[in-house]
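The file target_29.cif comes next; it holds mmCIF, C-alpha atoms.
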```
data_start
#
loop_
_atom_site.label_atom_id
_atom_site.label_comp_id
_atom_site.auth_asym_id
_atom_site.auth_seq_id
_atom_site.Cartn_x
_atom_site.Cartn_y
_atom_site.Cartn_z
CA MET R 1156 122.39 79.19 91.16
CA LYS R 1157 121.45 78.40 94.75
CA ALA R 1158 117.75 78.34 95.58
CA TRP R 1159 115.61 76.99 98.40
CA ARG R 1160 113.22 74.27 97.24
CA VAL R 1161 110.21 72.67 98.88
CA SER R 1162 109.47 69.15 97.61
CA ALA R 1163 106.95 68.11 100.29
CA ASN R 1164 104.68 70.05 102.59
CA GLY R 1165 105.53 70.44 106.26
CA GLU R 1166 107.29 72.72 108.74
CA PRO R 1167 109.70 75.10 106.94
CA ARG R 1168 112.90 73.95 108.65
CA GLU R 1169 112.05 70.35 107.77
CA VAL R 1170 110.98 70.71 104.13
CA MET R 1171 113.08 73.60 102.78
CA ARG R 1172 116.31 72.46 101.09
CA LEU R 1173 119.05 74.67 99.61
CA GLU R 1174 119.84 73.25 96.17
CA GLU R 1175 121.70 74.04 92.97
CA VAL R 1176 119.23 74.73 90.18
CA PRO R 1177 119.54 76.14 86.64
CA ASP R 1178 119.75 79.90 86.37
CA PRO R 1179 116.40 81.39 85.30
CA GLU R 1180 115.96 83.19 82.00
CA PRO R 1181 113.47 85.99 81.41
CA GLY R 1182 110.56 85.13 79.13
CA PRO R 1183 108.54 87.60 77.08
CA GLY R 1184 107.49 90.55 79.23
CA GLN R 1185 109.77 89.50 82.10
CA LEU R 1186 112.87 90.83 83.83
CA LEU R 1187 115.77 88.80 85.18
CA LEU R 1188 116.67 90.04 88.66
CA ARG R 1189 119.57 89.50 91.00
CA VAL R 1190 117.98 89.07 94.41
CA ARG R 1191 119.44 91.72 96.70
CA ALA R 1192 116.98 91.04 99.53
CA ALA R 1193 113.99 88.73 100.04
CA ASN R 1194 111.55 89.55 102.81
CA VAL R 1195 110.14 86.67 104.88
CA ASN R 1196 106.33 86.73 105.08
CA PHE R 1197 103.91 84.54 107.01
CA PRO R 1198 102.49 83.26 103.68
CA ASP R 1199 105.92 81.71 103.03
CA ALA R 1200 105.36 79.49 106.06
CA LEU R 1201 101.82 78.69 104.93
CA LEU R 1202 103.12 77.78 101.48
CA CYS R 1203 105.58 75.34 103.03
CA ARG R 1204 102.78 73.79 105.08
CA GLY R 1205 100.42 73.63 102.11
CA HIS R 1206 97.94 75.85 103.95
CA TYR R 1207 98.02 78.93 101.72
CA GLN R 1208 95.17 79.81 99.37
CA VAL R 1209 97.61 79.32 96.50
CA ARG R 1210 99.26 75.89 96.28
CA PRO R 1211 102.10 75.90 93.74
CA PRO R 1212 103.20 72.60 92.23
CA LEU R 1213 106.01 70.78 94.01
CA PRO R 1214 108.88 71.44 94.06
CA PHE R 1215 108.72 75.21 94.45
CA THR R 1216 110.82 78.07 95.80
CA PRO R 1217 109.12 80.26 98.44
CA GLY R 1218 109.76 83.98 98.82
CA VAL R 1219 106.88 86.23 97.76
CA GLU R 1220 108.59 89.64 97.66
CA ILE R 1221 112.07 90.90 96.92
CA CYS R 1222 114.24 93.90 96.26
CA GLY R 1223 116.21 93.07 93.14
CA GLU R 1224 118.57 94.48 90.54
CA VAL R 1225 117.61 94.20 86.87
CA LEU R 1226 120.16 92.06 85.00
CA ALA R 1227 118.35 91.39 81.72
CA VAL R 1228 115.18 92.47 79.95
CA GLY R 1229 112.99 89.93 78.18
CA GLU R 1230 111.35 90.42 74.80
CA GLY R 1231 108.67 93.10 74.91
CA ALA R 1232 109.47 94.06 78.52
CA THR R 1233 110.27 97.53 79.76
CA GLY R 1234 113.12 97.94 82.22
CA ALA R 1235 116.63 99.29 82.67
CA VAL R 1236 119.60 97.07 83.47
CA GLY R 1237 121.01 98.05 86.85
CA GLN R 1238 117.73 99.47 88.17
CA ARG R 1239 116.82 98.56 91.76
CA VAL R 1240 113.21 97.40 91.94
CA LEU R 1241 110.60 95.78 94.16
CA ALA R 1242 109.08 92.61 92.74
CA GLN R 1243 106.92 89.60 93.49
CA PRO R 1244 108.46 86.64 91.63
CA PRO R 1245 105.61 84.44 90.38
CA LEU R 1246 105.42 81.02 92.01
CA PRO R 1247 106.59 78.30 91.75
CA ASP R 1248 109.90 80.17 91.46
CA GLY R 1249 109.95 82.59 94.38
CA GLY R 1250 112.58 84.89 95.79
CA PHE R 1251 114.61 82.74 98.21
CA ALA R 1252 117.27 82.31 95.56
CA GLU R 1253 120.21 84.15 94.03
CA TYR R 1254 118.24 85.11 90.92
CA ALA R 1255 114.57 85.41 90.03
CA VAL R 1256 112.33 86.53 87.19
CA ALA R 1257 109.31 88.80 87.48
CA ASP R 1258 106.71 90.31 85.17
CA ALA R 1259 107.99 93.73 84.14
CA ARG R 1260 104.56 95.34 84.49
CA SER R 1261 104.38 94.36 88.16
CA VAL R 1262 107.75 95.68 89.34
CA ARG R 1263 108.10 99.09 90.95
CA PRO R 1264 111.10 101.31 91.70
CA ALA R 1265 112.70 100.65 95.07
CA PRO R 1266 112.52 103.74 97.33
CA GLU R 1267 115.91 105.45 97.39
CA ALA R 1268 115.47 106.32 101.08
CA LEU R 1269 115.56 102.64 102.09
CA ASP R 1270 118.34 100.07 101.97
CA ASP R 1271 117.78 96.70 100.28
CA ALA R 1272 116.35 94.94 103.34
CA GLU R 1273 114.04 97.83 104.21
CA ALA R 1274 112.88 98.17 100.61
CA ALA R 1275 112.09 94.47 100.36
CA ALA R 1276 109.91 94.80 103.46
CA LEU R 1277 108.00 97.88 102.29
CA HIS R 1278 105.72 96.39 99.68
CA ILE R 1279 103.20 93.76 100.81
CA GLY R 1280 103.03 94.59 104.53
CA TYR R 1281 102.79 98.34 104.07
CA GLN R 1282 100.42 98.10 101.11
CA THR R 1283 98.23 95.84 103.24
CA GLY R 1284 98.34 98.33 106.09
CA TRP R 1285 97.60 101.30 103.87
CA PHE R 1286 94.64 99.67 102.11
CA GLY R 1287 93.34 98.27 105.39
CA LEU R 1288 93.48 101.53 107.30
CA HIS R 1289 92.60 103.98 104.53
CA ARG R 1290 90.56 102.17 101.87
CA ARG R 1291 88.69 99.76 104.13
CA ALA R 1292 88.49 101.36 107.58
CA ARG R 1293 88.69 105.02 106.54
CA LEU R 1294 90.83 105.84 109.57
CA GLN R 1295 90.59 109.48 110.62
CA ALA R 1296 93.00 111.69 112.52
CA GLY R 1297 92.24 111.66 116.23
CA GLU R 1298 90.68 108.19 116.19
CA THR R 1299 91.99 105.32 118.30
CA LEU R 1300 93.60 102.46 116.39
CA LEU R 1301 94.18 99.10 118.09
CA VAL R 1302 96.89 97.00 116.40
CA HIS R 1303 97.38 93.34 117.27
CA ALA R 1304 100.89 91.85 116.95
CA ALA R 1305 102.20 95.41 116.92
CA ALA R 1306 105.87 94.38 117.01
CA GLY R 1307 105.54 91.94 114.11
CA GLY R 1308 106.14 92.62 110.44
CA VAL R 1309 102.50 93.30 109.53
CA GLY R 1310 101.58 95.01 112.80
CA SER R 1311 104.61 97.31 112.91
CA ALA R 1312 103.68 98.65 109.46
CA ALA R 1313 100.14 99.39 110.68
CA VAL R 1314 101.50 101.18 113.74
CA GLN R 1315 103.65 103.50 111.64
CA LEU R 1316 100.89 104.15 109.12
CA GLY R 1317 98.39 104.80 111.90
CA LYS R 1318 100.68 107.37 113.51
CA ALA R 1319 101.26 108.96 110.10
CA ALA R 1320 97.48 109.32 109.75
CA GLY R 1321 97.23 111.13 113.09
CA ALA R 1322 95.60 108.30 115.04
CA ARG R 1323 96.21 107.38 118.64
CA VAL R 1324 97.72 103.89 118.46
CA ILE R 1325 97.33 101.12 121.03
CA GLY R 1326 99.67 98.22 120.32
CA VAL R 1327 99.08 94.67 121.56
CA VAL R 1328 102.11 92.39 121.90
CA GLY R 1329 103.23 89.21 123.63
CA GLY R 1330 106.11 89.73 126.06
CA ALA R 1331 108.31 92.47 127.48
CA ASP R 1332 110.80 92.54 124.59
CA LYS R 1333 108.08 93.06 122.02
CA ALA R 1334 106.46 95.68 124.28
CA ARG R 1335 109.70 97.67 124.24
CA ILE R 1336 109.86 97.51 120.44
CA ALA R 1337 106.24 98.62 120.12
CA ARG R 1338 106.95 101.66 122.27
CA GLU R 1339 109.96 102.50 120.12
CA LEU R 1340 107.71 102.29 117.05
CA GLY R 1341 105.58 105.06 118.51
CA CYS R 1342 102.61 103.30 120.12
CA ASP R 1343 100.85 105.64 122.53
CA LEU R 1344 99.91 102.70 124.73
CA VAL R 1345 101.29 99.15 124.71
CA LEU R 1346 99.41 96.18 126.16
CA ASP R 1347 100.89 92.75 126.81
CA ARG R 1348 98.29 90.13 125.91
CA ARG R 1349 99.94 87.72 128.36
CA THR R 1350 99.53 89.91 131.44
CA ASP R 1351 97.14 92.78 130.72
CA ASP R 1352 93.34 92.73 130.67
CA LEU R 1353 93.04 93.89 127.07
CA VAL R 1354 89.35 94.76 127.10
CA ALA R 1355 89.47 96.68 130.38
CA GLU R 1356 92.64 98.56 129.47
CA VAL R 1357 91.33 99.66 126.06
CA LYS R 1358 88.07 100.88 127.58
CA ASN R 1359 89.94 102.66 130.35
CA ALA R 1360 92.30 104.35 127.87
CA THR R 1361 89.41 105.56 125.72
CA GLY R 1362 87.07 106.75 128.46
CA GLY R 1363 84.80 103.76 127.93
CA ARG R 1364 84.35 104.39 124.20
CA GLY R 1365 86.60 101.64 122.85
CA ALA R 1366 88.80 101.50 119.76
CA ASP R 1367 87.52 103.11 116.58
CA VAL R 1368 89.54 100.82 114.33
CA VAL R 1369 91.05 97.39 115.06
CA TYR R 1370 93.76 95.99 112.79
CA ASP R 1371 93.81 92.22 113.28
CA PRO R 1372 96.32 89.94 111.52
CA VAL R 1373 96.00 87.36 114.33
CA GLY R 1374 92.40 86.13 114.59
CA GLY R 1375 91.34 83.71 117.32
CA ASP R 1376 91.36 85.20 120.81
CA ALA R 1377 92.57 88.56 119.48
CA TYR R 1378 89.37 88.95 117.47
CA ALA R 1379 87.20 87.73 120.34
CA LYS R 1380 88.59 90.42 122.63
CA SER R 1381 88.45 93.10 119.96
CA VAL R 1382 84.67 92.89 119.61
CA LYS R 1383 84.38 93.46 123.36
CA CYS R 1384 86.20 96.79 123.18
CA ILE R 1385 85.16 98.14 119.80
CA ALA R 1386 83.63 101.62 119.71
CA PHE R 1387 80.23 102.68 118.40
CA GLU R 1388 80.54 102.63 114.59
CA GLY R 1389 83.95 101.01 114.99
CA ARG R 1390 85.62 99.01 112.22
CA ILE R 1391 87.51 95.73 112.61
CA VAL R 1392 89.86 94.99 109.71
CA VAL R 1393 90.47 91.25 109.32
CA VAL R 1394 93.92 90.87 107.76
CA GLY R 1395 94.85 87.28 108.55
CA PHE R 1396 94.93 84.45 111.07
CA ALA R 1397 98.49 84.13 112.36
CA SER R 1398 97.13 82.40 115.47
CA GLY R 1399 95.87 79.57 113.29
CA ALA R 1400 92.31 80.05 114.59
CA ILE R 1401 89.71 81.53 112.25
CA PRO R 1402 86.94 83.19 114.30
CA SER R 1403 83.25 82.91 113.52
CA PRO R 1404 81.78 86.40 113.95
CA ALA R 1405 78.44 86.68 115.75
CA LEU R 1406 76.48 88.93 113.42
CA ASN R 1407 73.87 89.66 116.07
CA HIS R 1408 76.68 91.15 118.18
CA ALA R 1409 77.77 93.38 115.28
CA LEU R 1410 74.15 94.49 114.93
CA VAL R 1411 73.64 95.26 118.62
CA LYS R 1412 76.94 97.16 119.01
CA ASN R 1413 76.78 98.81 115.57
CA TYR R 1414 80.26 97.96 114.31
CA SER R 1415 81.64 96.70 111.00
CA VAL R 1416 83.81 93.69 110.19
CA LEU R 1417 85.88 94.38 107.09
CA GLY R 1418 87.85 91.78 105.17
CA LEU R 1419 91.08 92.71 103.45
CA HIS R 1420 92.70 90.62 100.71
CA TRP R 1421 95.32 93.00 99.35
CA GLY R 1422 96.28 90.71 96.48
CA LEU R 1423 92.91 91.31 94.83
CA TYR R 1424 93.83 94.96 94.21
CA ASN R 1425 96.58 93.79 91.84
CA THR R 1426 93.91 92.48 89.47
CA LYS R 1427 90.83 94.51 90.41
CA ASP R 1428 92.43 97.96 90.79
CA PRO R 1429 96.15 97.97 89.88
CA ALA R 1430 96.14 101.76 89.56
CA ALA R 1431 95.37 101.96 93.28
CA VAL R 1432 98.40 99.77 94.02
CA ASP R 1433 100.59 102.12 91.97
CA ALA R 1434 99.20 105.15 93.78
CA CYS R 1435 99.78 103.49 97.13
CA HIS R 1436 103.39 102.72 96.20
CA GLU R 1437 103.95 106.39 95.35
CA GLU R 1438 102.47 107.43 98.69
CA LEU R 1439 104.61 104.92 100.62
CA THR R 1440 107.71 106.08 98.74
CA LYS R 1441 106.97 109.66 99.81
CA LEU R 1442 106.43 108.62 103.43
CA ALA R 1443 109.72 106.72 103.37
CA ALA R 1444 111.54 109.74 101.93
CA GLN R 1445 110.08 111.88 104.72
CA GLY R 1446 111.23 109.37 107.33
CA VAL R 1447 107.65 108.81 108.47
CA VAL R 1448 107.74 105.07 107.74
CA ARG R 1449 110.75 102.76 107.86
CA PRO R 1450 110.33 98.99 108.01
CA LEU R 1451 111.43 97.46 111.28
CA ILE R 1452 114.11 94.90 110.38
CA GLY R 1453 114.42 92.23 113.03
CA GLY R 1454 117.26 90.42 111.31
CA ARG R 1455 119.34 90.36 108.14
CA ILE R 1456 119.84 86.70 107.27
CA PRO R 1457 122.25 85.05 104.80
CA LEU R 1458 120.67 82.83 102.16
CA ALA R 1459 121.77 79.71 104.04
CA GLY R 1460 119.61 80.77 107.01
CA ALA R 1461 116.35 81.24 105.11
CA ALA R 1462 114.65 78.05 106.31
CA GLU R 1463 115.24 78.87 109.95
CA ALA R 1464 114.03 82.45 109.36
CA VAL R 1465 110.77 81.20 107.82
CA GLN R 1466 110.34 78.85 110.78
CA ARG R 1467 110.80 81.73 113.24
CA VAL R 1468 108.07 83.69 111.47
CA ALA R 1469 105.85 80.59 111.46
CA ASP R 1470 106.38 80.15 115.21
CA GLY R 1471 105.72 83.83 115.98
CA THR R 1472 109.10 84.34 117.67
CA SER R 1473 110.39 87.07 115.34
CA THR R 1474 110.03 90.82 115.69
CA GLY R 1475 109.70 93.14 112.74
CA ARG R 1476 110.80 91.70 109.43
CA LEU R 1477 113.39 89.00 108.85
CA VAL R 1478 115.05 89.59 105.48
CA VAL R 1479 117.20 87.16 103.52
CA LEU R 1480 120.25 88.76 101.86
CA PRO R 1481 121.99 86.39 99.41
CA GLY R 1482 124.94 88.80 99.18
CA LEU R 1483 125.84 88.23 102.83
CA GLU R 1484 127.50 84.96 101.86
CA GLU R 1485 129.64 86.76 99.30
CA ALA R 1486 130.72 89.34 101.88
CA ARG R 1487 132.01 86.71 104.29
#
```
Once you've parsed the file, please lay out its structure as structure tokens.
Amino acid sequence: MKAWRVSANGEPREVMRLEEVPDPEPGPGQLLLRVRAANVNFPDALLCRGHYQVRPPLPFTPGVEICGEVLAVGEGATGAVGQRVLAQPPLPDGGFAEYAVADARSVRPAPEALDDAEAAALHIGYQTGWFGLHRRARLQAGETLLVHAAAGGVGSAAVQLGKAAGARVIGVVGGADKARIARELGCDLVLDRRTDDLVAEVKNATGGRGADVVYDPVGGDAYAKSVKCIAFEGRIVVVGFASGAIPSPALNHALVKNYSVLGLHWGLYNTKDPAAVDACHEELTKLAAQGVVRPLIGGRIPLAGAAEAVQRVADGTSTGRLVVLPGLEEAR
């Protein structure tokens, strides 16, 4: 089969190579999947660079989440051939390939309301958003939610989930094109970090109170400005550091202004509370069926374009989710 391989760390477009490799076979407790769609995540870029918290042995195939079709069931595994599922292929053999294997106990049914690309983009980003907003920040209807990188894959999920929860959503973006997309997503107010005074505008929009919840996958300057416009008893959810700058919170400032800084590592729920992940998937499936959430797909990419897609996500030039569809080559 064809699969993207990384044999040395570096920028994705420089180190990812499309190669012919042996077809995988499912081991005990595993399913063999035909990859219908593989969502591009920022961790894929970090994996290529060697900057992710997990460093798989070289060479490896990136691609941390897919929508796949069950082709074969390994010994002791539960699954139905032909079923469409969401899966996270265990590294070092990720999802940027024609076929992948996954642990049967970790796969979940793909929502019928979503196509392959949308389904592939529902899992990690929306689970992260749901746990961040509901389990960590306890977002309430009527509160103001500030979302950084609101037109990106992670931010767009938080915008939709915030609106579904009844919050007033302020989206922060970079540039006019992304501002337009954020408005289409349903943001009540959109701020351009390049031209708007973020702190002043948030305070003005909230009558001086500030944002009740901040969803921050960016870090750096985004975090620094967030603490200047956080409300009394506000909650800042730290999701990641797409800017590349990890802030150092001033705890005396949190004390004086009476706000909370909450870390979110969604992956821990898979081992610490897997039942909560299952319950979240059921909730997201319902929201998708109701049309309340639908992943924003910024591009459907053939397998041959995966390296460039990962680079675009690494550079922050993409909007929504870029999704790799191996079947696009077959259709041409």
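Nearest to Gly1460 (chain R) of all the residues R:Asp1178, R:Val1478, R:Ala1331, R:Ala1409 is R:Val1478, based on all atoms listed in the file.
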**Prompt:** Excluding same-chain residues fewer than 5 positions from Ser1162 (chain R), what lies within 9 Å of it counting only C-alpha atoms, as a ChimeraX atom specification?
**Reply:** /R:1170-1172,1212-1215
Could you write out as lines of an AutoDock Vina configuration file the box around region 1186-1190 of chain R (axis-aligned, all atoms listed in the file, 4 Å on each side), with centre and edge lengths in Å to one decimal?
```
center_x = 116.2
center_y = 89.8
center_z = 89.1
size_x = 14.7
size_y = 10.0
size_z = 18.6
```
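This file gives the following result for the PyMOL selection byres ((chain R and resi 1284-1287) around 7): Gly1280, Tyr1281, Gln1282, Thr1283, Leu1288, His1289, Arg1290, Arg1291, Ala1292, Ala1312, Ala1313, Leu1316, Val1392 and Leu1419 of chain R.
Candidate residues R:Ala1275, R:Leu1186, R:Val1327, R:Leu1294 were compared for distance to Val1228 (chain R), and the nearest is R:Leu1186, using all atoms listed in the file.
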**Request:** Taking the file above as input, evaluate the PyMOL selection byres ((chain R and resi 1251-1254) around 9) and report the hits as an MDAnalysis selection string.
**Result:** chainID R and resid 1156:1160 1173 1178:1179 1187:1195 1216:1219 1221 1223 1248:1250 1255:1256 1458 1461 1479 1481:1482
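Straight-line separation from CA of Leu1300 (chain R) to CA of Glu1220 (chain R): 27.2 Å.
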**Asked** Any chance you could work out the residue set of the PyMOL selection byres ((chain R and resi 1412) around 9) here, as a ChimeraX atom specification?
**Response** /R:1382,1385-1389,1407-1411,1413-1414
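Compared by their closest atoms to Val1262 (chain R), and using only C-alpha atoms, the residues R:Glu1224, R:Asp1352, R:Asp1199, R:Asp1332 rank with R:Glu1224 nearest.
Considering the residues R:Ile1336, R:Gln1185, R:Val1328, R:Leu1344 and counting only C-alpha atoms, Ala1235 (chain R) has its shortest atom-to-atom contact with R:Gln1185.
Picture a line from CA of Gln1445 (chain R) to CA of Leu1340 (chain R); it runs 15.8 Å.
Minimum distance to Arg1260 (chain R) across R:Gln1295, R:Ile1452, R:Val1369, R:Ala1232 (counting only C-alpha atoms) occurs at R:Ala1232.
For the pair CA of Gln1466 (chain R) and CA of Val1345 (chain R), the interatomic distance is 26.2 Å.
Residues in contact range of Val1314 (chain R), defined as at most 8 Å between all atoms listed in the file, with sequence neighbours fewer than 3 positions away removed, read R:Val1302, R:Ala1305, R:Gly1310, R:Ser1311, R:Gly1317, R:Lys1318, R:Val1324, R:Gly1326, R:Leu1340, R:Gly1341, R:Cys1342.
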**Request:** Identify which of the residues R:Leu1417, R:Gly1182, R:Glu1438, R:Thr1474 lies closest to Arg1335 (chain R), counting only C-alpha atoms when measuring atom-to-atom distances.
**Result:** R:Thr1474
**Request:** Dig up all the protein and nucleic acid residues within 10 Å of (93.5, 79.2, 111.6) in the file frame, using only C-alpha atoms, and format them as a list in words.
**Result:** His1206, Val1373, Gly1374, Gly1375, Gly1395, Phe1396, Ala1397, Ser1398, Gly1399, Ala1400, Ile1401 and Pro1402 of chain R
Filtering to C-alpha atoms, could you give me those residues as a PDB file, keeping the file's coordinate frame?
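What ended up in part14.pdb:
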```
ATOM      1  CA  HIS R1206      97.940  75.850 103.950  1.00  0.00           C
ATOM      2  CA  VAL R1373      96.000  87.360 114.330  1.00  0.00           C
ATOM      3  CA  GLY R1374      92.400  86.130 114.590  1.00  0.00           C
ATOM      4  CA  GLY R1375      91.340  83.710 117.320  1.00  0.00           C
ATOM      5  CA  GLY R1395      94.850  87.280 108.550  1.00  0.00           C
ATOM      6  CA  PHE R1396      94.930  84.450 111.070  1.00  0.00           C
ATOM      7  CA  ALA R1397      98.490  84.130 112.360  1.00  0.00           C
ATOM      8  CA  SER R1398      97.130  82.400 115.470  1.00  0.00           C
ATOM      9  CA  GLY R1399      95.870  79.570 113.290  1.00  0.00           C
ATOM     10  CA  ALA R1400      92.310  80.050 114.590  1.00  0.00           C
ATOM     11  CA  ILE R1401      89.710  81.530 112.250  1.00  0.00           C
ATOM     12  CA  PRO R1402      86.940  83.190 114.300  1.00  0.00           C
TER      13      PRO R1402
END
```
Keeping just C-alpha atoms, export region 1295-1383 of chain R of this structure as an mmCIF file, in the first residue's frame.
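out.cif written:
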```
data_model
loop_
_atom_site.group_PDB
_atom_site.id
_atom_site.type_symbol
_atom_site.label_atom_id
_atom_site.label_comp_id
_atom_site.auth_asym_id
_atom_site.auth_seq_id
_atom_site.Cartn_x
_atom_site.Cartn_y
_atom_site.Cartn_z
ATOM 1 C CA GLN R 1295 -23.087 28.085 31.392
ATOM 2 C CA ALA R 1296 -25.771 29.419 29.086
ATOM 3 C CA GLY R 1297 -25.611 33.197 28.869
ATOM 4 C CA GLU R 1298 -21.889 33.394 29.635
ATOM 5 C CA THR R 1299 -19.374 34.979 27.276
ATOM 6 C CA LEU R 1300 -16.899 32.601 25.645
ATOM 7 C CA LEU R 1301 -13.749 33.953 23.985
ATOM 8 C CA VAL R 1302 -12.251 31.553 21.416
ATOM 9 C CA HIS R 1303 -8.787 32.106 19.976
ATOM 10 C CA ALA R 1304 -8.065 30.857 16.434
ATOM 11 C CA ALA R 1305 -11.817 30.666 15.933
ATOM 12 C CA ALA R 1306 -11.583 29.794 12.227
ATOM 13 C CA GLY R 1307 -9.104 26.963 12.767
ATOM 14 C CA GLY R 1308 -9.866 23.292 13.266
ATOM 15 C CA VAL R 1309 -9.763 23.348 17.081
ATOM 16 C CA GLY R 1310 -11.265 26.816 17.479
ATOM 17 C CA SER R 1311 -14.151 26.273 15.054
ATOM 18 C CA ALA R 1312 -15.236 23.227 17.075
ATOM 19 C CA ALA R 1313 -15.233 25.312 20.269
ATOM 20 C CA VAL R 1314 -17.295 28.022 18.580
ATOM 21 C CA GLN R 1315 -19.992 25.557 17.553
ATOM 22 C CA LEU R 1316 -20.028 23.835 20.936
ATOM 23 C CA GLY R 1317 -20.162 27.180 22.728
ATOM 24 C CA LYS R 1318 -23.163 28.279 20.690
ATOM 25 C CA ALA R 1319 -24.814 24.914 21.322
ATOM 26 C CA ALA R 1320 -24.368 25.526 25.061
ATOM 27 C CA GLY R 1321 -26.117 28.897 24.835
ATOM 28 C CA ALA R 1322 -23.026 31.060 25.295
ATOM 29 C CA ARG R 1323 -22.277 34.359 23.626
ATOM 30 C CA VAL R 1324 -19.178 33.654 21.527
ATOM 31 C CA ILE R 1325 -16.411 36.109 20.671
ATOM 32 C CA GLY R 1326 -14.063 34.713 18.044
ATOM 33 C CA VAL R 1327 -10.480 35.896 17.562
ATOM 34 C CA VAL R 1328 -8.892 35.370 14.139
ATOM 35 C CA GLY R 1329 -6.037 36.627 11.992
ATOM 36 C CA GLY R 1330 -7.162 38.285 8.767
ATOM 37 C CA ALA R 1331 -10.322 39.232 6.893
ATOM 38 C CA ASP R 1332 -10.888 35.823 5.278
ATOM 39 C CA LYS R 1333 -10.808 34.034 8.603
ATOM 40 C CA ALA R 1334 -13.047 36.739 10.109
ATOM 41 C CA ARG R 1335 -15.670 35.994 7.461
ATOM 42 C CA ILE R 1336 -15.515 32.268 8.231
ATOM 43 C CA ALA R 1337 -15.832 32.910 11.968
ATOM 44 C CA ARG R 1338 -18.975 34.946 11.374
ATOM 45 C CA GLU R 1339 -20.416 32.161 9.246
ATOM 46 C CA LEU R 1340 -19.705 29.734 12.099
ATOM 47 C CA GLY R 1341 -21.984 31.803 14.319
ATOM 48 C CA CYS R 1342 -19.649 34.010 16.357
ATOM 49 C CA ASP R 1343 -21.582 36.893 17.900
ATOM 50 C CA LEU R 1344 -18.530 39.120 17.623
ATOM 51 C CA VAL R 1345 -15.354 38.594 15.601
ATOM 52 C CA LEU R 1346 -12.065 40.330 16.403
ATOM 53 C CA ASP R 1347 -9.024 40.442 14.137
ATOM 54 C CA ARG R 1348 -5.913 40.102 16.284
ATOM 55 C CA ARG R 1349 -3.929 41.949 13.606
ATOM 56 C CA THR R 1350 -6.000 45.128 13.668
ATOM 57 C CA ASP R 1351 -8.305 45.158 16.704
ATOM 58 C CA ASP R 1352 -7.458 46.046 20.296
ATOM 59 C CA LEU R 1353 -8.497 42.688 21.723
ATOM 60 C CA VAL R 1354 -8.568 43.673 25.381
ATOM 61 C CA ALA R 1355 -10.501 46.908 24.841
ATOM 62 C CA GLU R 1356 -12.994 45.322 22.458
ATOM 63 C CA VAL R 1357 -13.763 42.401 24.781
ATOM 64 C CA LYS R 1358 -14.287 44.727 27.732
ATOM 65 C CA ASN R 1359 -16.448 47.025 25.633
ATOM 66 C CA ALA R 1360 -18.568 44.116 24.374
ATOM 67 C CA THR R 1361 -19.134 42.811 27.898
ATOM 68 C CA GLY R 1362 -19.825 46.097 29.666
ATOM 69 C CA GLY R 1363 -16.420 46.008 31.327
ATOM 70 C CA ARG R 1364 -16.914 42.541 32.821
ATOM 71 C CA GLY R 1365 -14.683 40.558 30.470
ATOM 72 C CA ALA R 1366 -14.979 37.012 29.142
ATOM 73 C CA ASP R 1367 -16.265 34.329 31.485
ATOM 74 C CA VAL R 1368 -14.426 31.544 29.664
ATOM 75 C CA VAL R 1369 -11.396 31.716 27.351
ATOM 76 C CA TYR R 1370 -10.578 28.784 25.076
ATOM 77 C CA ASP R 1371 -6.908 29.077 24.125
ATOM 78 C CA PRO R 1372 -5.194 26.656 21.732
ATOM 79 C CA VAL R 1373 -2.629 29.336 20.791
ATOM 80 C CA GLY R 1374 -0.672 30.427 23.878
ATOM 81 C CA GLY R 1375 1.898 33.218 23.702
ATOM 82 C CA ASP R 1376 0.403 36.653 23.103
ATOM 83 C CA ALA R 1377 -3.123 35.220 22.986
ATOM 84 C CA TYR R 1378 -2.812 34.090 26.602
ATOM 85 C CA ALA R 1379 -1.185 37.354 27.679
ATOM 86 C CA LYS R 1380 -4.134 39.340 26.340
ATOM 87 C CA SER R 1381 -6.695 36.912 27.699
ATOM 88 C CA VAL R 1382 -5.691 37.502 31.319
ATOM 89 C CA LYS R 1383 -6.222 41.227 30.761
#
```
